[in-house]
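Input: a single structure, listed below in structure tokens.
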Amino acid sequence: MIKWWPVATVMLVAACSSTPETRYYQLPAASVSIGVNQSPAAARSLWIEQVTVPDYLAGNSVAFQTSEVRYTLAQNNQWASPLDQMLKQTLISNLSAMLPGRLVTGTVLGEHDTVNVTVTGFQGRYDGYAVISGEWLLQQQGRWIKQPFSLTLPQQEDGYDALVATLGQGWQQIARDIARASISSPVGPP
């Protein structure tokens with residue numbers, strides 16, 4: 001009986017100390033255009049120069065606001081890549097789908113318009129909402145459009161899967177606003 005005691009103790013400790021599985025998330029990308037005719041500006045590429053996030057969002061952990069003043073970063077629910085990189089790549093994908101006649105890129109190419117986005121909030125919240133806030137700046141042929149955004153979207157279900165889906169829907173909405181502005185802004189000399 002005493003021979004098995006160390007083995008049983010090791011098995012019990014191992015069972016109690018097992019770490020939960022880490023889950024990785026990727027934002028969904030849009031798959032439809034916004035259905036607006038392209039203007040002559042469509043010949044110009046649209047350069048997504050940068051998407052910046054605050055330090056607490058800069059890593060891979062999904063953020064969750066636990067009270068009005070407190071945030072936590074998930075240990076086992078992670079973004080598949082750093083959030084700023086994922087937001088930029090998803091924005092490029094979303095805008096490419098929404099503006100099918102326009103080259104949307106993360107690299108400067110020829111005649112181009114420029115988009116910069118500053119994200120100040122991108123997290124779940126204790127009351128079941130997803131929060132996305134910040135501002136975007138579109139520079140198009142010498143004209144500037146600066147637009148703040150603040151979305152508070154209800155999650156349809158509990159859990160990180162639903163949170164990421166809701167954040168993805170909100171990010172698509174931001175892309176839609178940028179796409180519409182890039183189509184409707186006046187072109188020609190300022």
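Residue numbers start at 1 in each chain; chains themselves are named A, B, ... in the order of the structure tokens; ligands are numbered from 1 in the order shown.
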
Could you make a table, as a Markdown table, of the residues of stretch 100-146 of chain A that have an atom within 9 Å of an atom of stretch 165-174 of chain A, each with its nearest atom pair and distance in Å to one decimal, counting only C-alpha atoms, in chain and number order?
| residue | atom | partner | partner_atom | distance |
| --- | --- | --- | --- | --- |
| A:Phe122 | CA | A:Leu167 | CA | 7.3 |
| A:Gln123 | CA | A:Leu167 | CA | 7.7 |
| A:Gly124 | CA | A:Leu167 | CA | 8.2 |
| A:Tyr129 | CA | A:Thr166 | CA | 8.6 |
| A:Ala130 | CA | A:Leu167 | CA | 6.2 |
| A:Val131 | CA | A:Leu167 | CA | 7.5 |
| A:Ile132 | CA | A:Gly170 | CA | 7.0 |
| A:Trp136 | CA | A:Ile174 | CA | 8.8 |

Can you spit out the residues from that selection as a compact mmCIF listing (two decimals), in the first residue's frame, using C-alpha atoms?
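The result, stored in again.txt:
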# COMPACT_ATOMS: atom_id res chain seq x y z
CA PHE A 122 -11.58 47.34 -27.76
CA GLN A 123 -12.89 45.10 -25.01
CA GLY A 124 -15.77 43.25 -23.47
CA TYR A 129 -21.56 44.75 -24.10
CA ALA A 130 -18.55 45.03 -26.40
CA VAL A 131 -16.91 48.46 -26.48
CA ILE A 132 -14.97 49.92 -29.41
CA TRP A 136 -9.88 57.55 -37.67

- Message: Write out as JSON, numbers by chain the set of residues from stretch 6-183 of chain A that DSSP, computed on the backbone, places in helix (DSSP H, G or I).
- Response: {"A": [6, 7, 8, 9, 10, 11, 12, 13, 14, 15, 16, 40, 41, 42, 43, 55, 56, 57, 83, 84, 85, 86, 87, 88, 89, 90, 91, 92, 93, 94, 95, 96, 97, 98, 160, 161, 162, 163, 164, 165, 166, 167, 168, 169, 170, 171, 172, 173, 174, 175, 176, 177, 178, 179, 180, 181, 182, 183]}

Can those selected residues be exported to a file as a PDB file, in the first residue's frame so that it contains C-alpha atoms?
ATOM      1  CA  PRO A   6       3.826   8.549  -3.860  1.00  0.00           C
ATOM      2  CA  VAL A   7       2.327   7.681  -7.265  1.00  0.00           C
ATOM      3  CA  ALA A   8      -1.192   8.554  -6.106  1.00  0.00           C
ATOM      4  CA  THR A   9       0.065  11.849  -4.618  1.00  0.00           C
ATOM      5  CA  VAL A  10       1.816  12.814  -7.862  1.00  0.00           C
ATOM      6  CA  MET A  11      -1.290  11.981  -9.906  1.00  0.00           C
ATOM      7  CA  LEU A  12      -3.523  13.979  -7.573  1.00  0.00           C
ATOM      8  CA  VAL A  13      -1.224  17.017  -7.670  1.00  0.00           C
ATOM      9  CA  ALA A  14      -0.940  16.781 -11.466  1.00  0.00           C
ATOM     10  CA  ALA A  15      -4.715  16.614 -11.839  1.00  0.00           C
ATOM     11  CA  CYS A  16      -5.250  19.631  -9.603  1.00  0.00           C
ATOM     12  CA  PRO A  40     -12.596  58.777 -59.806  1.00  0.00           C
ATOM     13  CA  ALA A  41     -10.572  58.572 -56.592  1.00  0.00           C
ATOM     14  CA  ALA A  42     -10.900  54.787 -56.863  1.00  0.00           C
ATOM     15  CA  ALA A  43      -7.840  54.715 -59.131  1.00  0.00           C
ATOM     16  CA  ASP A  55      -0.460  49.755 -24.071  1.00  0.00           C
ATOM     17  CA  TYR A  56      -2.974  47.601 -22.201  1.00  0.00           C
ATOM     18  CA  LEU A  57      -4.358  46.350 -25.533  1.00  0.00           C
ATOM     19  CA  LEU A  83      -4.161  43.318 -31.528  1.00  0.00           C
ATOM     20  CA  ASP A  84      -2.796  46.304 -33.475  1.00  0.00           C
ATOM     21  CA  GLN A  85      -1.539  44.000 -36.247  1.00  0.00           C
ATOM     22  CA  MET A  86      -4.798  42.051 -36.356  1.00  0.00           C
ATOM     23  CA  LEU A  87      -6.904  45.222 -36.455  1.00  0.00           C
ATOM     24  CA  LYS A  88      -4.824  46.592 -39.346  1.00  0.00           C
ATOM     25  CA  GLN A  89      -4.974  43.354 -41.359  1.00  0.00           C
ATOM     26  CA  THR A  90      -8.702  42.964 -40.733  1.00  0.00           C
ATOM     27  CA  LEU A  91      -9.295  46.594 -41.708  1.00  0.00           C
ATOM     28  CA  ILE A  92      -7.414  45.997 -44.975  1.00  0.00           C
ATOM     29  CA  SER A  93      -9.497  42.857 -45.644  1.00  0.00           C
ATOM     30  CA  ASN A  94     -12.767  44.596 -44.739  1.00  0.00           C
ATOM     31  CA  LEU A  95     -12.063  47.667 -46.884  1.00  0.00           C
ATOM     32  CA  SER A  96     -10.894  45.476 -49.790  1.00  0.00           C
ATOM     33  CA  ALA A  97     -14.209  43.602 -49.674  1.00  0.00           C
ATOM     34  CA  MET A  98     -16.209  46.809 -49.323  1.00  0.00           C
ATOM     35  CA  TYR A 160     -15.306  34.929 -25.496  1.00  0.00           C
ATOM     36  CA  ASP A 161     -16.509  33.499 -28.825  1.00  0.00           C
ATOM     37  CA  ALA A 162     -19.538  35.818 -28.730  1.00  0.00           C
ATOM     38  CA  LEU A 163     -17.377  38.735 -27.564  1.00  0.00           C
ATOM     39  CA  VAL A 164     -14.950  38.323 -30.469  1.00  0.00           C
ATOM     40  CA  ALA A 165     -17.839  38.008 -32.956  1.00  0.00           C
ATOM     41  CA  THR A 166     -19.401  41.216 -31.601  1.00  0.00           C
ATOM     42  CA  LEU A 167     -16.070  43.074 -31.679  1.00  0.00           C
ATOM     43  CA  GLY A 168     -15.658  41.867 -35.272  1.00  0.00           C
ATOM     44  CA  GLN A 169     -19.083  43.243 -36.228  1.00  0.00           C
ATOM     45  CA  GLY A 170     -18.170  46.589 -34.674  1.00  0.00           C
ATOM     46  CA  TRP A 171     -14.818  46.696 -36.486  1.00  0.00           C
ATOM     47  CA  GLN A 172     -16.659  46.005 -39.754  1.00  0.00           C
ATOM     48  CA  GLN A 173     -18.933  48.955 -38.972  1.00  0.00           C
ATOM     49  CA  ILE A 174     -15.870  51.205 -38.528  1.00  0.00           C
ATOM     50  CA  ALA A 175     -14.520  49.943 -41.877  1.00  0.00           C
ATOM     51  CA  ARG A 176     -17.890  50.668 -43.514  1.00  0.00           C
ATOM     52  CA  ASP A 177     -17.768  54.261 -42.237  1.00  0.00           C
ATOM     53  CA  ILE A 178     -14.226  54.716 -43.594  1.00  0.00           C
ATOM     54  CA  ALA A 179     -15.241  53.182 -46.948  1.00  0.00           C
ATOM     55  CA  ARG A 180     -18.225  55.506 -47.296  1.00  0.00           C
ATOM     56  CA  ALA A 181     -16.089  58.529 -46.436  1.00  0.00           C
ATOM     57  CA  SER A 182     -13.449  57.529 -48.986  1.00  0.00           C
ATOM     58  CA  ILE A 183     -16.129  57.253 -51.678  1.00  0.00           C
TER      59      ILE A 183
END

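Atom CA of A:Val51 lies 26.1 Å from atom CA of A:Gly159.
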
- Spatial neighbours of stretch 68-77 of chain A, 8 Å, only C-alpha atoms, chain gap at least 3 places, as a PyMOL selection string: chain A and resi 20-25+61-65+160

Write down as JSON, numbers by chain the residues belonging to chain A that are assigned strand (DSSP E or B) by DSSP computed on the backbone. {"A": [23, 24, 25, 45, 46, 47, 48, 49, 50, 51, 52, 61, 62, 63, 64, 65, 71, 72, 73, 74, 75, 76, 77, 78, 79, 104, 105, 112, 113, 114, 115, 116, 117, 118, 119, 120, 121, 122, 123, 124, 125, 129, 130, 131, 132, 133, 134, 135, 136, 137, 138, 139, 140, 143, 144, 145, 146, 147, 148, 149, 150, 151, 152, 153, 154]}

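Of the listed residues (A:Ser184, A:Lys146, A:Val119, A:Thr105), A:Thr105 comes nearest to A:Arg44; the distances count only C-alpha atoms.
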